[in-house]
Amino acid sequence: MTAWDAVNYILLAAGLVALVLGYRRSNRNMLLCAGLLLLAFNGVEDFADGFAAGYAGSDARAL
């Protein structure tokens with residue numbers, strides 16, 4: 001298990017908990033937070049891989 005897997009599982013668990021709590025309390029803000037967490041769960045690993053690949057292939061000089 002890598003660190004990204006742990007981040008994915010934490011985001012998934014937090015999103016599901018926020019989804020259940022937001023639905024039970026009829027709290028639209030918590031439902032929005034749950035949606036954003038689940039969206040982040042879906043794409044955080046791909047974003048990090050793309051960022052690392054772009055940074056490694058960059059010709060920019062260090063400041």
# chains A, B, ... in the order shown; residues from 1 in each chain; ligands from 1
>>> residues_around(residues="Cys33 of chain A", least_positions_apart="4", cutoff="12 Å", atoms="only C-alpha atoms", output="JSON, numbers by chain")
{"A": [11, 14, 15, 16, 17, 18, 19, 20, 21, 22, 23, 27, 28, 29, 37, 38, 39, 40]}
>>> write_last_selection(atoms="all heavy atoms", output="short mmCIF file (atom, residue, chain, number, x, y, z; two decimals), in the first residue's frame")
data_model
loop_
_atom_site.label_atom_id
_atom_site.label_comp_id
_atom_site.auth_asym_id
_atom_site.auth_seq_id
_atom_site.Cartn_x
_atom_site.Cartn_y
_atom_site.Cartn_z
N LEU A 11 -9.87 9.99 1.95
CA LEU A 11 -10.82 10.85 1.25
C LEU A 11 -12.13 10.14 1.01
O LEU A 11 -13.21 10.74 1.14
CB LEU A 11 -10.23 11.35 -0.07
CG LEU A 11 -9.13 12.40 0.04
CD1 LEU A 11 -8.54 12.66 -1.34
CD2 LEU A 11 -9.67 13.68 0.63
N ALA A 14 -13.97 9.91 4.45
CA ALA A 14 -14.47 11.23 4.86
C ALA A 14 -15.65 11.66 3.98
O ALA A 14 -16.63 12.22 4.48
CB ALA A 14 -13.35 12.26 4.78
N GLY A 15 -15.57 11.38 2.69
CA GLY A 15 -16.66 11.72 1.79
C GLY A 15 -17.93 10.95 2.09
O GLY A 15 -19.03 11.51 2.09
N LEU A 16 -17.80 9.66 2.38
CA LEU A 16 -18.98 8.86 2.69
C LEU A 16 -19.61 9.27 4.01
O LEU A 16 -20.83 9.33 4.14
CB LEU A 16 -18.62 7.38 2.68
CG LEU A 16 -18.28 6.80 1.31
CD1 LEU A 16 -17.86 5.34 1.44
CD2 LEU A 16 -19.44 6.94 0.36
N VAL A 17 -18.78 9.57 5.01
CA VAL A 17 -19.30 10.02 6.30
C VAL A 17 -20.02 11.36 6.14
O VAL A 17 -21.13 11.56 6.65
CB VAL A 17 -18.17 10.12 7.35
CG1 VAL A 17 -18.61 10.88 8.59
CG2 VAL A 17 -17.70 8.73 7.72
N ALA A 18 -19.42 12.29 5.41
CA ALA A 18 -20.05 13.58 5.17
C ALA A 18 -21.34 13.43 4.37
O ALA A 18 -22.32 14.15 4.62
CB ALA A 18 -19.09 14.52 4.45
N LEU A 19 -21.37 12.49 3.46
CA LEU A 19 -22.58 12.26 2.67
C LEU A 19 -23.72 11.76 3.55
O LEU A 19 -24.85 12.26 3.46
CB LEU A 19 -22.28 11.24 1.56
CG LEU A 19 -23.39 10.96 0.56
CD1 LEU A 19 -23.65 12.18 -0.28
CD2 LEU A 19 -23.00 9.78 -0.31
N VAL A 20 -23.44 10.81 4.41
CA VAL A 20 -24.47 10.27 5.30
C VAL A 20 -24.94 11.34 6.28
O VAL A 20 -26.15 11.53 6.48
CB VAL A 20 -23.95 9.02 6.04
CG1 VAL A 20 -24.88 8.61 7.14
CG2 VAL A 20 -23.75 7.88 5.05
N LEU A 21 -24.00 12.05 6.89
CA LEU A 21 -24.39 13.09 7.85
C LEU A 21 -25.16 14.23 7.18
O LEU A 21 -26.13 14.73 7.74
CB LEU A 21 -23.16 13.64 8.57
CG LEU A 21 -22.48 12.69 9.55
CD1 LEU A 21 -21.21 13.34 10.11
CD2 LEU A 21 -23.41 12.30 10.67
N GLY A 22 -24.73 14.63 6.02
CA GLY A 22 -25.43 15.70 5.30
C GLY A 22 -26.82 15.29 4.89
O GLY A 22 -27.77 16.09 4.93
N TYR A 23 -27.00 14.05 4.50
CA TYR A 23 -28.33 13.58 4.11
C TYR A 23 -29.24 13.49 5.33
O TYR A 23 -30.40 13.90 5.28
CB TYR A 23 -28.21 12.21 3.43
CG TYR A 23 -29.53 11.66 2.98
CD1 TYR A 23 -30.17 12.17 1.86
CD2 TYR A 23 -30.15 10.64 3.69
CE1 TYR A 23 -31.38 11.68 1.45
CE2 TYR A 23 -31.37 10.14 3.29
CZ TYR A 23 -31.99 10.66 2.17
OH TYR A 23 -33.20 10.17 1.78
N ASN A 27 -28.42 18.92 5.46
CA ASN A 27 -27.46 20.02 5.42
C ASN A 27 -26.82 20.06 4.03
O ASN A 27 -26.00 19.21 3.68
CB ASN A 27 -26.40 19.79 6.50
CG ASN A 27 -25.48 20.98 6.67
OD1 ASN A 27 -25.42 21.85 5.81
ND2 ASN A 27 -24.75 20.99 7.76
N ARG A 28 -27.22 21.06 3.25
CA ARG A 28 -26.74 21.14 1.87
C ARG A 28 -25.25 21.42 1.79
O ARG A 28 -24.57 20.96 0.88
CB ARG A 28 -27.52 22.21 1.11
CG ARG A 28 -28.95 21.78 0.87
CD ARG A 28 -29.81 22.86 0.30
NE ARG A 28 -29.19 23.61 -0.75
CZ ARG A 28 -29.74 24.68 -1.31
NH1 ARG A 28 -30.91 25.10 -0.90
NH2 ARG A 28 -29.12 25.32 -2.26
N ASN A 29 -24.73 22.18 2.73
CA ASN A 29 -23.29 22.47 2.72
C ASN A 29 -22.47 21.22 2.97
O ASN A 29 -21.41 21.04 2.37
CB ASN A 29 -22.95 23.54 3.75
CG ASN A 29 -23.43 24.91 3.33
OD1 ASN A 29 -23.61 25.17 2.15
ND2 ASN A 29 -23.67 25.79 4.30
N LEU A 37 -15.21 16.02 -1.66
CA LEU A 37 -14.29 15.00 -1.16
C LEU A 37 -14.29 13.77 -2.05
O LEU A 37 -13.24 13.20 -2.33
CB LEU A 37 -14.67 14.61 0.27
CG LEU A 37 -14.27 15.60 1.37
CD1 LEU A 37 -14.90 15.19 2.68
CD2 LEU A 37 -12.77 15.67 1.49
N LEU A 38 -15.46 13.36 -2.50
CA LEU A 38 -15.53 12.19 -3.37
C LEU A 38 -14.93 12.49 -4.74
O LEU A 38 -14.34 11.61 -5.37
CB LEU A 38 -16.98 11.71 -3.48
CG LEU A 38 -17.53 11.11 -2.19
CD1 LEU A 38 -19.02 10.82 -2.34
CD2 LEU A 38 -16.79 9.86 -1.79
N LEU A 39 -15.07 13.73 -5.20
CA LEU A 39 -14.42 14.13 -6.45
C LEU A 39 -12.90 14.10 -6.30
O LEU A 39 -12.18 13.61 -7.18
CB LEU A 39 -14.88 15.52 -6.86
CG LEU A 39 -14.31 16.07 -8.16
CD1 LEU A 39 -14.85 15.28 -9.34
CD2 LEU A 39 -14.66 17.52 -8.30
N ALA A 40 -12.41 14.58 -5.17
CA ALA A 40 -10.96 14.55 -4.91
C ALA A 40 -10.47 13.12 -4.78
O ALA A 40 -9.37 12.79 -5.24
CB ALA A 40 -10.65 15.34 -3.65
#
>>> select_by_dssp(residues="chain A", states="helix (DSSP H, G or I)", output="NGL selection string")
:A and (3-25 or 28-56)
>>> write_last_selection(atoms="N, CA and C atoms", output="compact mmCIF listing (two decimals), in the first residue's frame")
# COMPACT_ATOMS: atom_id res chain seq x y z
N ALA A 3 1.44 5.58 -0.19
CA ALA A 3 0.88 6.74 0.51
C ALA A 3 -0.36 7.26 -0.22
N TRP A 4 -0.35 7.17 -1.56
CA TRP A 4 -1.52 7.64 -2.31
C TRP A 4 -2.74 6.78 -2.05
N ASP A 5 -2.52 5.48 -1.84
CA ASP A 5 -3.65 4.61 -1.49
C ASP A 5 -4.25 5.03 -0.16
N ALA A 6 -3.40 5.36 0.80
CA ALA A 6 -3.89 5.80 2.11
C ALA A 6 -4.67 7.11 1.98
N VAL A 7 -4.17 8.05 1.18
CA VAL A 7 -4.88 9.31 0.96
C VAL A 7 -6.22 9.04 0.29
N ASN A 8 -6.25 8.15 -0.69
CA ASN A 8 -7.50 7.82 -1.36
C ASN A 8 -8.51 7.22 -0.40
N TYR A 9 -8.09 6.31 0.46
CA TYR A 9 -9.01 5.69 1.41
C TYR A 9 -9.52 6.70 2.44
N ILE A 10 -8.66 7.61 2.86
CA ILE A 10 -9.09 8.63 3.82
C ILE A 10 -10.12 9.56 3.19
N LEU A 11 -9.87 9.99 1.95
CA LEU A 11 -10.82 10.85 1.25
C LEU A 11 -12.13 10.14 1.01
N LEU A 12 -12.08 8.87 0.66
CA LEU A 12 -13.31 8.10 0.45
C LEU A 12 -14.11 7.98 1.74
N ALA A 13 -13.45 7.64 2.84
CA ALA A 13 -14.15 7.50 4.11
C ALA A 13 -14.74 8.83 4.56
N ALA A 14 -13.97 9.91 4.45
CA ALA A 14 -14.47 11.23 4.86
C ALA A 14 -15.65 11.66 3.98
N GLY A 15 -15.57 11.38 2.69
CA GLY A 15 -16.66 11.72 1.79
C GLY A 15 -17.93 10.95 2.09
N LEU A 16 -17.80 9.66 2.38
CA LEU A 16 -18.98 8.86 2.69
C LEU A 16 -19.61 9.27 4.01
N VAL A 17 -18.78 9.57 5.01
CA VAL A 17 -19.30 10.02 6.30
C VAL A 17 -20.02 11.36 6.14
N ALA A 18 -19.42 12.29 5.41
CA ALA A 18 -20.05 13.58 5.17
C ALA A 18 -21.34 13.43 4.37
N LEU A 19 -21.37 12.49 3.46
CA LEU A 19 -22.58 12.26 2.67
C LEU A 19 -23.72 11.76 3.55
N VAL A 20 -23.44 10.81 4.41
CA VAL A 20 -24.47 10.27 5.30
C VAL A 20 -24.94 11.34 6.28
N LEU A 21 -24.00 12.05 6.89
CA LEU A 21 -24.39 13.09 7.85
C LEU A 21 -25.16 14.23 7.18
N GLY A 22 -24.73 14.63 6.02
CA GLY A 22 -25.43 15.70 5.30
C GLY A 22 -26.82 15.29 4.89
N TYR A 23 -27.00 14.05 4.50
CA TYR A 23 -28.33 13.58 4.11
C TYR A 23 -29.24 13.49 5.33
N ARG A 24 -28.74 12.95 6.43
CA ARG A 24 -29.57 12.78 7.64
C ARG A 24 -29.95 14.13 8.26
N ARG A 25 -29.05 15.10 8.21
CA ARG A 25 -29.32 16.40 8.81
C ARG A 25 -29.91 17.39 7.82
N ARG A 28 -27.22 21.06 3.25
CA ARG A 28 -26.74 21.14 1.87
C ARG A 28 -25.25 21.42 1.79
N ASN A 29 -24.73 22.18 2.73
CA ASN A 29 -23.29 22.47 2.72
C ASN A 29 -22.47 21.22 2.97
N MET A 30 -22.94 20.36 3.85
CA MET A 30 -22.21 19.12 4.11
C MET A 30 -22.30 18.18 2.90
N LEU A 31 -23.44 18.20 2.22
CA LEU A 31 -23.55 17.40 1.00
C LEU A 31 -22.60 17.91 -0.07
N LEU A 32 -22.45 19.23 -0.16
CA LEU A 32 -21.49 19.80 -1.11
C LEU A 32 -20.06 19.39 -0.74
N CYS A 33 -19.75 19.44 0.53
CA CYS A 33 -18.42 19.02 1.00
C CYS A 33 -18.19 17.54 0.67
N ALA A 34 -19.21 16.72 0.85
CA ALA A 34 -19.09 15.29 0.53
C ALA A 34 -18.83 15.10 -0.96
N GLY A 35 -19.53 15.85 -1.78
CA GLY A 35 -19.31 15.74 -3.22
C GLY A 35 -17.91 16.13 -3.62
N LEU A 36 -17.38 17.19 -3.01
CA LEU A 36 -16.01 17.62 -3.32
C LEU A 36 -14.98 16.61 -2.83
N LEU A 37 -15.21 16.02 -1.66
CA LEU A 37 -14.29 15.00 -1.16
C LEU A 37 -14.29 13.77 -2.05
N LEU A 38 -15.46 13.36 -2.50
CA LEU A 38 -15.53 12.19 -3.37
C LEU A 38 -14.93 12.49 -4.74
N LEU A 39 -15.07 13.73 -5.20
CA LEU A 39 -14.42 14.13 -6.45
C LEU A 39 -12.90 14.10 -6.30
N ALA A 40 -12.41 14.58 -5.17
CA ALA A 40 -10.96 14.55 -4.91
C ALA A 40 -10.47 13.12 -4.78
N PHE A 41 -11.27 12.26 -4.17
CA PHE A 41 -10.91 10.85 -4.04
C PHE A 41 -10.70 10.23 -5.41
N ASN A 42 -11.52 10.63 -6.35
CA ASN A 42 -11.47 10.04 -7.68
C ASN A 42 -10.25 10.49 -8.48
N GLY A 43 -9.72 11.69 -8.24
CA GLY A 43 -8.69 12.20 -9.12
C GLY A 43 -7.37 12.59 -8.51
N VAL A 44 -7.19 12.39 -7.22
CA VAL A 44 -5.97 12.90 -6.58
C VAL A 44 -4.72 12.17 -7.07
N GLU A 45 -4.81 10.89 -7.30
CA GLU A 45 -3.62 10.14 -7.72
C GLU A 45 -3.22 10.50 -9.15
N ASP A 46 -4.19 10.63 -10.04
CA ASP A 46 -3.88 11.01 -11.42
C ASP A 46 -3.31 12.43 -11.47
N PHE A 47 -3.86 13.33 -10.67
CA PHE A 47 -3.35 14.69 -10.62
C PHE A 47 -1.90 14.70 -10.15
N ALA A 48 -1.60 13.96 -9.09
CA ALA A 48 -0.25 13.93 -8.55
C ALA A 48 0.73 13.33 -9.55
N ASP A 49 0.33 12.26 -10.24
CA ASP A 49 1.21 11.65 -11.24
C ASP A 49 1.49 12.62 -12.39
N GLY A 50 0.46 13.31 -12.85
CA GLY A 50 0.64 14.27 -13.93
C GLY A 50 1.49 15.45 -13.53
N PHE A 51 1.30 15.92 -12.31
CA PHE A 51 2.10 17.04 -11.81
C PHE A 51 3.57 16.64 -11.71
N ALA A 52 3.83 15.44 -11.17
CA ALA A 52 5.21 14.98 -11.02
C ALA A 52 5.87 14.79 -12.38
N ALA A 53 5.13 14.25 -13.34
CA ALA A 53 5.69 14.04 -14.67
C ALA A 53 5.98 15.38 -15.35
N GLY A 54 5.09 16.34 -15.20
CA GLY A 54 5.30 17.66 -15.79
C GLY A 54 6.46 18.39 -15.14
N TYR A 55 6.58 18.26 -13.84
CA TYR A 55 7.68 18.91 -13.12
C TYR A 55 9.01 18.29 -13.50
N ALA A 56 9.03 16.97 -13.67
CA ALA A 56 10.28 16.29 -14.05
C ALA A 56 10.69 16.63 -15.48
